[in-house]
Amino acid sequence: MEEHQPRNAFDIPKTFYFESGNIHTGSRRHMRYRIEPKDGMLIVEVWRQDLCYEIIKEREQIEGSAEFPVSDEGFQQMLDFLQQEYDK
């Protein structure tokens with residue numbers, strides 16, 4: 001059986017996933033994140049509490065957010081942003 005190899009440090013699907021309109025949520029240790037494609041952009045939101053996105057959003061406790069174009073370059077910029085947020 002082939003061992004799972006992460007796609008990147010956050011194990012986020014490639015650009016095609018988002019071009020298809022899919023939302024991705026995940027976590028890496030203490031940080032949680034949500035990525036939503038909207039109008040050709042990737043909307044990224046980050047928080048560090050152990051609560052679901054809907055509660056965090058309702059309580060206005062998103063700790064970081066950014067937008068990147070849905071492209072290979074934008075994807076890499078998004079990964080860089082997530083790494084910077086993770087390193088905080």
# chains A, B, ... in the order shown; residues from 1 in each chain; ligands from 1
$ residues_around --residues "range 84-87 of chain A" --least-positions-apart "6" --cutoff "9 Å" --atoms "only C-alpha atoms" --output "compact mmCIF listing (two decimals) with N, CA, C and O atoms, in the first residue's frame"
# COMPACT_ATOMS: atom_id res chain seq x y z
N ARG A 28 -3.72 22.73 11.60
CA ARG A 28 -2.34 22.29 11.78
C ARG A 28 -1.97 22.69 13.19
O ARG A 28 -1.86 23.88 13.50
N ARG A 29 -1.86 21.70 14.03
CA ARG A 29 -1.61 21.87 15.46
C ARG A 29 -2.59 22.85 16.07
O ARG A 29 -3.77 22.58 16.13
N HIS A 30 -2.16 24.03 16.48
CA HIS A 30 -3.00 24.99 17.20
C HIS A 30 -3.82 25.91 16.30
O HIS A 30 -4.64 26.68 16.78
N MET A 31 -3.59 25.86 14.99
CA MET A 31 -4.23 26.81 14.08
C MET A 31 -5.30 26.11 13.23
O MET A 31 -5.08 25.03 12.71
N VAL A 46 -8.32 32.50 9.42
CA VAL A 46 -7.54 31.73 10.39
C VAL A 46 -8.00 32.06 11.80
O VAL A 46 -8.31 33.21 12.11
N GLY A 64 -7.02 36.16 11.52
CA GLY A 64 -6.30 36.57 10.34
C GLY A 64 -7.09 36.22 9.10
O GLY A 64 -7.79 35.22 9.08
$ atom_distance --atom1 "CA of Met78 in chain A" --atom2 "CA of Gln61 in chain A"
20.2 Å
$ closest_residue --among "A:Gln83, A:Thr15, A:Gln49, A:Ser65" --to "Arg34 in chain A" --atoms "only C-alpha atoms"
A:Ser65
$ residues_around --residues "range 16-26 of chain A" --least-positions-apart "5" --cutoff "8 Å" --atoms "only C-alpha atoms" --output "ChimeraX atom specification"
/A:10,32-38,42,70
$ write_last_selection --atoms "C-alpha atoms" --output "PDB file, in the first residue's frame"
ATOM      1  CA  PHE A  10      -1.065  22.066   5.199  1.00  0.00           C
ATOM      2  CA  ARG A  32      -7.516  26.297  12.224  1.00  0.00           C
ATOM      3  CA  TYR A  33      -8.261  27.670   8.758  1.00  0.00           C
ATOM      4  CA  ARG A  34     -10.974  27.892   6.125  1.00  0.00           C
ATOM      5  CA  ILE A  35     -10.453  28.530   2.407  1.00  0.00           C
ATOM      6  CA  GLU A  36     -13.393  29.538   0.223  1.00  0.00           C
ATOM      7  CA  PRO A  37     -13.259  30.371  -3.481  1.00  0.00           C
ATOM      8  CA  LYS A  38     -15.341  33.427  -4.348  1.00  0.00           C
ATOM      9  CA  LEU A  42      -9.385  32.384  -2.412  1.00  0.00           C
ATOM     10  CA  VAL A  70      -7.305  31.347  -7.792  1.00  0.00           C
TER      11      VAL A  70
END
$ select_by_dssp --residues "chain A" --states "alpha helix (DSSP H)" --output "list of chain:residue names"
A:Thr15, A:Phe16, A:Tyr17, A:Phe18, A:Glu19, A:Tyr53, A:Glu54, A:Ile55, A:Ile56, A:Lys57, A:Glu58, A:Asp72, A:Glu73, A:Gly74, A:Phe75, A:Gln76, A:Gln77, A:Met78, A:Leu79, A:Asp80, A:Phe81, A:Leu82, A:Gln83, A:Gln84, A:Glu85, A:Tyr86, A:Asp87
$ atom_distance --atom1 "CA of Asp80 in chain A" --atom2 "CA of Lys57 in chain A"
23.0 Å
$ select_by_dssp --residues "chain A" --states "strand (DSSP E or B)" --output "list in words"
His24, Thr25, Gly26, Ser27, Arg28, Met31, Arg32, Tyr33, Arg34, Ile35, Glu36, Pro37, Lys38, Met41, Leu42, Ile43, Val44, Glu45, Val46, Trp47, Gly64, Ser65, Ala66, Glu67, Phe68 and Pro69 of chain A
$ write_last_selection --atoms "C-alpha atoms" --output "mmCIF file, in the first residue's frame"
data_model
loop_
_atom_site.group_PDB
_atom_site.id
_atom_site.type_symbol
_atom_site.label_atom_id
_atom_site.label_comp_id
_atom_site.auth_asym_id
_atom_site.auth_seq_id
_atom_site.Cartn_x
_atom_site.Cartn_y
_atom_site.Cartn_z
ATOM 1 C CA HIS A 24 -11.646 23.524 2.355
ATOM 2 C CA THR A 25 -11.218 23.582 6.125
ATOM 3 C CA GLY A 26 -8.348 22.211 8.105
ATOM 4 C CA SER A 27 -6.005 22.566 11.001
ATOM 5 C CA ARG A 28 -2.344 22.291 11.781
ATOM 6 C CA MET A 31 -4.232 26.805 14.076
ATOM 7 C CA ARG A 32 -7.516 26.297 12.224
ATOM 8 C CA TYR A 33 -8.261 27.670 8.758
ATOM 9 C CA ARG A 34 -10.974 27.892 6.125
ATOM 10 C CA ILE A 35 -10.453 28.530 2.407
ATOM 11 C CA GLU A 36 -13.393 29.538 0.223
ATOM 12 C CA PRO A 37 -13.259 30.371 -3.481
ATOM 13 C CA LYS A 38 -15.341 33.427 -4.348
ATOM 14 C CA MET A 41 -10.318 34.702 -5.276
ATOM 15 C CA LEU A 42 -9.385 32.384 -2.412
ATOM 16 C CA ILE A 43 -10.721 33.831 0.843
ATOM 17 C CA VAL A 44 -8.601 32.505 3.730
ATOM 18 C CA GLU A 45 -9.564 32.887 7.382
ATOM 19 C CA VAL A 46 -7.540 31.735 10.387
ATOM 20 C CA TRP A 47 -8.293 31.235 14.088
ATOM 21 C CA GLY A 64 -6.297 36.574 10.341
ATOM 22 C CA SER A 65 -7.689 36.780 6.837
ATOM 23 C CA ALA A 66 -6.458 37.390 3.318
ATOM 24 C CA GLU A 67 -7.490 36.986 -0.327
ATOM 25 C CA PHE A 68 -5.476 35.487 -3.153
ATOM 26 C CA PRO A 69 -6.251 34.867 -6.834
#
$ atom_distance --atom1 "CA of Phe75 in chain A" --atom2 "CA of Lys14 in chain A"
7.8 Å
